[in-house]
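One structure below.
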Amino acid sequence: MTARDRVRTIVDASWFQALIITLILVNALILGVETSPRVMAAHGDLLHRVDVGILGVFVLELLLRLFAHRGSFLRDPWSWFDVVIVSVALLPASGPFAVLRVLRVLRVLRLLSVIPTLRHVVSGLFRAMPGMVSILFLVMLLLYVSAVMATQLFRDVSPEHFGDLPTSLFSLFQVSTGDSWASIAHSVMEHKPLAWIFFVLFILVSTFVALNLFIAVAVEALEQDSGGRDGGGGGTAHASGAGPDGGPAHGQELVLAELRALRAEVADLRRERERERSNSG
C-alpha cells in the first residue's frame, strides 16, 4: 500500500470518525463552559489549551483528508463546509476580527458533515427549498392581504395594533405565532364582537394550513431522497444481473447463471485432476 492508501484507510475508518465526533462534542461543551466567568477564572488557561489542541486536530484531519482523497475532497461540498468552519476558527480573536470569536461555536455544526443521517436530513431540506419558498410567498401574500383588511376594519378601535399597515403586519405576525393573540383579539372584540371570525380564520389558514404545508414539503423531499438512494442500490443490483424489477424471472436467470458458473468451475477442477493423475502416472 502507498502512503496515500494508508492515510485513506485511516481517515475512512469508523474509529477515526468516532474520534472526530467525540472531539466535536467535547469542543461544544468547552465553548459552552467558557460562557461562565467563574469557570473561566478558575480554569480558563486549561480550557484554552484544550480548545487550541482540538482545533489543531481538526486542521490535521482536513489536511489528511485532502491528501487521501485529493480531487474528490475538493468536489465534495461537505468538505468545503468543514474547511470554512475550521477557517473561521483560525481567525485571530483580537483586533478587528474580535467579533468573529463568537463564530467559533460554528464548529459544532461539523456534526452535520460527519454524521451521515444528519447529512441526509440537511440534503432533504435543501431539496425542499423550492417548495418552501413557494409556500413562504403564499404566506406572505396572505399576511399582506390580511393586514390591509385588518387596518381598514380595526384601525379606529385598536390603533396600537392596527393603526397602520406596518403595525398590522407585525400584529398579525404575532397572532400567527400564537404569542398573546388572545389579548389582541379581545381588545378588538370589545368594540367589534364579530371580529373573532377574522382572527379564527386567519389563525386556521396562516398557522395550521401553512405549517402542515411546510411539513408536507419537507417530508416529501426526504422521501424522494431516500427513494433516490434505494434506486441507486437497485441500479447496482440490475448491473449485477438481478434485473430492474427484481421479479421471479430475473431471479431464476441469476440462479441459472450461477449454476452454469459452478458447473464450469467443477469441469475445470476435473480437468486439472486428470492432468495431475496423468502426469503422476
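Identifiers for the C-alpha cells are assigned positionally: chains receive A, B, ... in sequence, residues are indexed from 1 per chain, and ligands are indexed from 1 in the order shown.
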Can you tell me, as a ChimeraX atom specification, what residues are no more than 10 Å from A:Val83 when counting only C-alpha atoms, ignoring any on the same chain fewer than 2 positions away? /A:58-59,62-63,77-81,85-89,110
Would you mind exporting the chosen residues as a PDB file, in the first residue's frame, restricted to C-alpha atoms?
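The new file out_1.pdb reads:
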```
ATOM      1  CA  PHE A  58      -9.392  19.471  13.121  1.00  0.00           C
ATOM      2  CA  VAL A  59      -6.807  21.142  10.896  1.00  0.00           C
ATOM      3  CA  LEU A  62      -8.646  18.222   6.954  1.00  0.00           C
ATOM      4  CA  LEU A  63      -5.075  18.006   5.672  1.00  0.00           C
ATOM      5  CA  PRO A  77     -19.467  20.354  -0.777  1.00  0.00           C
ATOM      6  CA  TRP A  78     -19.400  18.960   2.769  1.00  0.00           C
ATOM      7  CA  SER A  79     -15.598  19.116   2.681  1.00  0.00           C
ATOM      8  CA  TRP A  80     -15.753  22.802   1.764  1.00  0.00           C
ATOM      9  CA  PHE A  81     -18.240  23.275   4.601  1.00  0.00           C
ATOM     10  CA  ILE A  85     -15.938  26.252   9.645  1.00  0.00           C
ATOM     11  CA  VAL A  86     -12.344  25.483  10.638  1.00  0.00           C
ATOM     12  CA  SER A  87     -11.010  28.547   8.787  1.00  0.00           C
ATOM     13  CA  VAL A  88     -13.338  30.822  10.750  1.00  0.00           C
ATOM     14  CA  ALA A  89     -11.995  29.298  13.966  1.00  0.00           C
ATOM     15  CA  ARG A 110     -19.368  19.935  11.828  1.00  0.00           C
TER      16      ARG A 110
END
```
What's the 10 Å shell around A:Leu125, counting only C-alpha atoms, without same-chain residues fewer than 3 positions away, as a compact mmCIF listing (two decimals) with all heavy atoms, in the first residue's frame?
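And here is the file that came out, out_16.txt:
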```
# COMPACT_ATOMS: atom_id res chain seq x y z
N ARG A 119 -26.50 14.48 7.48
CA ARG A 119 -26.29 14.93 6.10
C ARG A 119 -27.52 14.62 5.26
O ARG A 119 -27.91 15.42 4.40
CB ARG A 119 -25.06 14.24 5.50
CG ARG A 119 -23.75 14.73 6.05
CD ARG A 119 -22.62 14.46 5.07
NE ARG A 119 -22.56 13.05 4.71
CZ ARG A 119 -21.78 12.16 5.29
NH1 ARG A 119 -21.00 12.54 6.30
NH2 ARG A 119 -21.76 10.91 4.89
N HIS A 120 -28.13 13.47 5.49
CA HIS A 120 -29.32 13.09 4.74
C HIS A 120 -30.46 14.06 5.00
O HIS A 120 -31.16 14.49 4.07
CB HIS A 120 -29.71 11.66 5.13
CG HIS A 120 -31.05 11.22 4.62
ND1 HIS A 120 -31.34 11.13 3.27
CD2 HIS A 120 -32.18 10.84 5.27
CE1 HIS A 120 -32.59 10.73 3.12
NE2 HIS A 120 -33.12 10.55 4.31
N VAL A 121 -30.66 14.43 6.27
CA VAL A 121 -31.74 15.35 6.61
C VAL A 121 -31.50 16.73 6.00
O VAL A 121 -32.40 17.34 5.42
CB VAL A 121 -31.89 15.45 8.15
CG1 VAL A 121 -32.88 16.54 8.52
CG2 VAL A 121 -32.34 14.12 8.72
N VAL A 122 -30.26 17.23 6.11
CA VAL A 122 -29.95 18.55 5.57
C VAL A 122 -30.09 18.56 4.05
O VAL A 122 -30.63 19.52 3.47
CB VAL A 122 -28.53 18.97 5.99
CG1 VAL A 122 -28.13 20.27 5.30
CG2 VAL A 122 -28.46 19.14 7.50
N ALA A 128 -36.02 20.57 -0.52
CA ALA A 128 -37.37 21.08 -0.28
C ALA A 128 -37.45 22.60 -0.37
O ALA A 128 -38.54 23.16 -0.30
CB ALA A 128 -37.86 20.63 1.10
N MET A 129 -36.30 23.29 -0.52
CA MET A 129 -36.30 24.74 -0.51
C MET A 129 -37.18 25.37 -1.58
O MET A 129 -37.90 26.32 -1.30
CB MET A 129 -34.86 25.26 -0.64
CG MET A 129 -34.04 25.09 0.62
SD MET A 129 -34.78 25.86 2.07
CE MET A 129 -34.72 27.58 1.57
N PRO A 130 -37.17 24.87 -2.85
CA PRO A 130 -38.06 25.50 -3.85
C PRO A 130 -39.53 25.46 -3.43
O PRO A 130 -40.25 26.46 -3.56
CB PRO A 130 -37.81 24.67 -5.12
CG PRO A 130 -36.43 24.12 -4.93
CD PRO A 130 -36.31 23.85 -3.47
N MET A 132 -40.67 25.17 -0.35
CA MET A 132 -40.85 26.01 0.83
C MET A 132 -40.89 27.49 0.46
O MET A 132 -41.62 28.27 1.09
CB MET A 132 -39.72 25.75 1.83
CG MET A 132 -39.81 24.41 2.53
SD MET A 132 -38.56 24.21 3.80
CE MET A 132 -39.06 22.63 4.50
N VAL A 217 -43.99 19.34 2.50
CA VAL A 217 -42.93 19.52 1.51
C VAL A 217 -41.62 18.93 2.02
O VAL A 217 -40.89 18.26 1.28
CB VAL A 217 -42.77 21.02 1.19
CG1 VAL A 217 -41.52 21.26 0.35
CG2 VAL A 217 -44.00 21.53 0.44
N ALA A 218 -41.31 19.14 3.31
CA ALA A 218 -40.06 18.59 3.86
C ALA A 218 -40.08 17.07 3.87
O ALA A 218 -39.09 16.42 3.50
CB ALA A 218 -39.86 19.13 5.27
N VAL A 219 -41.21 16.47 4.27
CA VAL A 219 -41.30 15.01 4.30
C VAL A 219 -41.20 14.42 2.90
O VAL A 219 -40.54 13.41 2.68
CB VAL A 219 -42.62 14.59 4.99
CG1 VAL A 219 -42.86 13.09 4.83
CG2 VAL A 219 -42.58 14.95 6.46
N GLU A 220 -41.85 15.07 1.94
CA GLU A 220 -41.78 14.59 0.56
C GLU A 220 -40.35 14.62 0.03
O GLU A 220 -39.89 13.70 -0.65
CB GLU A 220 -42.69 15.42 -0.34
CG GLU A 220 -42.72 14.94 -1.78
CD GLU A 220 -43.61 15.80 -2.66
OE1 GLU A 220 -44.16 16.80 -2.14
OE2 GLU A 220 -43.75 15.49 -3.85
N ALA A 221 -39.62 15.69 0.35
CA ALA A 221 -38.23 15.79 -0.11
C ALA A 221 -37.38 14.71 0.53
O ALA A 221 -36.53 14.10 -0.13
CB ALA A 221 -37.67 17.18 0.22
N LEU A 222 -37.59 14.43 1.82
CA LEU A 222 -36.82 13.38 2.49
C LEU A 222 -37.16 12.01 1.90
O LEU A 222 -36.28 11.16 1.74
CB LEU A 222 -37.11 13.39 3.99
CG LEU A 222 -36.55 14.60 4.76
CD1 LEU A 222 -37.01 14.56 6.20
CD2 LEU A 222 -35.03 14.61 4.69
N ASP A 225 -35.43 11.68 -1.41
CA ASP A 225 -34.01 11.44 -1.22
C ASP A 225 -33.76 9.98 -0.84
O ASP A 225 -32.83 9.35 -1.35
CB ASP A 225 -33.47 12.36 -0.14
CG ASP A 225 -31.96 12.27 -0.01
OD1 ASP A 225 -31.29 12.39 -1.04
OD2 ASP A 225 -31.47 12.07 1.10
```
Gap from atom CA of A:Val175 to atom CA of A:Phe198 - Å, one decimal: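 These atoms are spaced 11.6 Å apart.
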Contacts of stretch 14-20 of chain A within 12 Å, only C-alpha atoms, excl. fewer than 2 positions in-chain, as a CSV table (one decimal) with N, CA, C and O atoms, in the first residue's frame:
```csv
chain,number,residue,atom,x,y,z
A,7,VAL,N,-3.2,6.5,4.5
A,7,VAL,CA,-3.9,7.6,5.1
A,7,VAL,C,-5.4,7.5,4.8
A,7,VAL,O,-6.2,7.8,5.7
A,8,ARG,N,-5.8,7.1,3.6
A,8,ARG,CA,-7.2,7.0,3.3
A,8,ARG,C,-7.9,5.9,4.1
A,8,ARG,O,-9.0,6.1,4.6
A,9,THR,N,-7.1,4.8,4.4
A,9,THR,CA,-7.7,3.8,5.3
A,9,THR,C,-7.9,4.3,6.7
A,9,THR,O,-9.0,4.0,7.3
A,10,ILE,N,-7.1,5.2,7.2
A,10,ILE,CA,-7.2,5.8,8.5
A,10,ILE,C,-8.4,6.8,8.5
A,10,ILE,O,-9.2,6.7,9.4
A,11,VAL,N,-8.4,7.7,7.6
A,11,VAL,CA,-9.5,8.8,7.7
A,11,VAL,C,-10.9,8.2,7.4
A,11,VAL,O,-11.9,8.8,7.8
A,12,ASP,N,-10.9,7.1,6.7
A,12,ASP,CA,-12.2,6.5,6.4
A,12,ASP,C,-12.7,5.4,7.4
A,12,ASP,O,-13.8,4.9,7.3
A,22,THR,N,-16.4,12.7,18.7
A,22,THR,CA,-16.2,12.9,20.2
A,22,THR,C,-15.5,14.3,20.4
A,22,THR,O,-15.9,15.0,21.3
A,23,LEU,N,-14.5,14.6,19.6
A,23,LEU,CA,-13.8,15.9,19.8
A,23,LEU,C,-14.8,17.1,19.5
A,23,LEU,O,-14.7,18.1,20.2
A,24,ILE,N,-15.6,16.9,18.5
A,24,ILE,CA,-16.6,18.0,18.2
A,24,ILE,C,-17.5,18.2,19.4
A,24,ILE,O,-17.8,19.4,19.8
A,25,LEU,N,-18.0,17.1,20.0
A,25,LEU,CA,-18.9,17.3,21.2
A,25,LEU,C,-18.1,17.8,22.4
A,25,LEU,O,-18.7,18.7,23.1
A,26,VAL,N,-16.9,17.4,22.6
A,26,VAL,CA,-16.1,18.0,23.7
A,26,VAL,C,-15.8,19.5,23.5
A,26,VAL,O,-15.9,20.3,24.4
A,27,ASN,N,-15.6,19.8,22.2
A,27,ASN,CA,-15.3,21.2,21.9
A,27,ASN,C,-16.6,22.1,22.1
A,27,ASN,O,-16.5,23.2,22.6
A,54,ILE,N,-7.8,20.8,20.2
A,54,ILE,CA,-8.8,20.3,19.4
A,54,ILE,C,-8.8,20.9,18.0
A,54,ILE,O,-9.0,20.3,17.0
A,55,LEU,N,-8.7,22.2,18.0
A,55,LEU,CA,-8.6,22.9,16.7
A,55,LEU,C,-7.5,22.4,15.8
A,55,LEU,O,-7.6,22.3,14.6
A,56,GLY,N,-6.3,22.2,16.5
A,56,GLY,CA,-5.2,21.6,15.7
A,56,GLY,C,-5.5,20.2,15.2
A,56,GLY,O,-5.1,19.9,14.0
A,57,VAL,N,-6.2,19.4,15.9
A,57,VAL,CA,-6.7,18.1,15.4
A,57,VAL,C,-7.6,18.3,14.2
A,57,VAL,O,-7.5,17.5,13.2
A,58,PHE,N,-8.5,19.2,14.2
A,58,PHE,CA,-9.4,19.5,13.1
A,58,PHE,C,-8.6,19.9,11.9
A,58,PHE,O,-8.9,19.4,10.8
A,59,VAL,N,-7.6,20.7,12.0
A,59,VAL,CA,-6.8,21.1,10.9
A,59,VAL,C,-6.0,20.0,10.3
A,59,VAL,O,-6.0,19.7,9.1
A,60,LEU,N,-5.5,19.1,11.2
A,60,LEU,CA,-4.7,18.0,10.8
A,60,LEU,C,-5.6,17.0,10.0
A,60,LEU,O,-5.3,16.4,9.0
A,61,GLU,N,-6.9,16.8,10.5
A,61,GLU,CA,-7.8,15.9,9.9
A,61,GLU,C,-8.1,16.4,8.5
A,61,GLU,O,-8.2,15.6,7.5
A,62,LEU,N,-8.4,17.7,8.3
A,62,LEU,CA,-8.6,18.2,7.0
A,62,LEU,C,-7.5,18.0,6.0
A,62,LEU,O,-7.6,17.7,4.8
A,64,LEU,N,-5.2,15.6,6.2
A,64,LEU,CA,-5.1,14.2,5.9
A,64,LEU,C,-6.2,13.8,4.9
A,64,LEU,O,-5.9,13.0,4.0
A,65,ARG,N,-7.4,14.3,5.0
A,65,ARG,CA,-8.5,14.0,4.1
A,65,ARG,C,-8.1,14.6,2.7
A,65,ARG,O,-8.4,13.9,1.7
A,107,ARG,N,-18.2,25.5,15.0
A,107,ARG,CA,-17.5,24.2,14.9
A,107,ARG,C,-18.4,23.1,15.3
A,107,ARG,O,-18.3,21.9,14.8
A,108,VAL,N,-19.5,23.3,16.1
A,108,VAL,CA,-20.4,22.3,16.5
A,108,VAL,C,-21.2,21.8,15.2
A,108,VAL,O,-21.6,20.7,15.1
A,110,ARG,N,-20.1,21.0,12.6
A,110,ARG,CA,-19.4,19.9,11.8
A,110,ARG,C,-20.0,18.6,12.0
A,110,ARG,O,-19.8,17.6,11.3
A,111,LEU,N,-20.9,18.5,13.0
A,111,LEU,CA,-21.6,17.2,13.2
A,111,LEU,C,-22.5,16.9,12.0
A,111,LEU,O,-22.8,15.8,11.7
A,113,SER,N,-21.7,17.3,9.0
A,113,SER,CA,-20.9,16.7,7.9
A,113,SER,C,-20.3,15.3,8.2
A,113,SER,O,-20.0,14.5,7.3
A,114,VAL,N,-20.2,15.0,9.5
A,114,VAL,CA,-19.5,13.8,9.9
A,114,VAL,C,-20.6,12.7,10.2
A,114,VAL,O,-20.2,11.5,10.3
A,115,ILE,N,-21.8,13.0,10.5
A,115,ILE,CA,-22.9,12.1,10.8
A,115,ILE,C,-23.7,11.9,9.5
A,115,ILE,O,-24.4,12.8,9.1
A,116,PRO,N,-23.7,10.7,8.9
A,116,PRO,CA,-24.5,10.5,7.6
A,116,PRO,C,-26.0,10.8,7.7
A,116,PRO,O,-26.5,11.4,6.8
```
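For stretch 183-189 of chain A, the set of protein, DNA and RNA residues having any atom at most 8 Å away, when counting only C-alpha atoms and skipping those fewer than 4 positions along the same chain, is Phe154, Val157, Ser158, His161, Val175, Pro193, Leu194, Ala195, Trp196 and Phe199 of chain A.
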Could you dump the residues just selected with C-alpha atoms as a PDB file, in the first residue's frame?
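The resulting file, selection_39.pdb, is reproduced below:
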```
ATOM      1  CA  PHE A 154     -59.845  47.749  13.211  1.00  0.00           C
ATOM      2  CA  VAL A 157     -60.908  50.551  17.687  1.00  0.00           C
ATOM      3  CA  SER A 158     -57.313  49.303  18.175  1.00  0.00           C
ATOM      4  CA  HIS A 161     -52.245  47.066  16.975  1.00  0.00           C
ATOM      5  CA  VAL A 175     -51.017  36.384  16.077  1.00  0.00           C
ATOM      6  CA  PRO A 193     -67.803  41.388  18.775  1.00  0.00           C
ATOM      7  CA  LEU A 194     -67.775  39.706  15.352  1.00  0.00           C
ATOM      8  CA  ALA A 195     -64.037  40.300  14.947  1.00  0.00           C
ATOM      9  CA  TRP A 196     -63.441  36.737  16.231  1.00  0.00           C
ATOM     10  CA  PHE A 199     -58.966  36.102  13.813  1.00  0.00           C
TER      11      PHE A 199
END
```
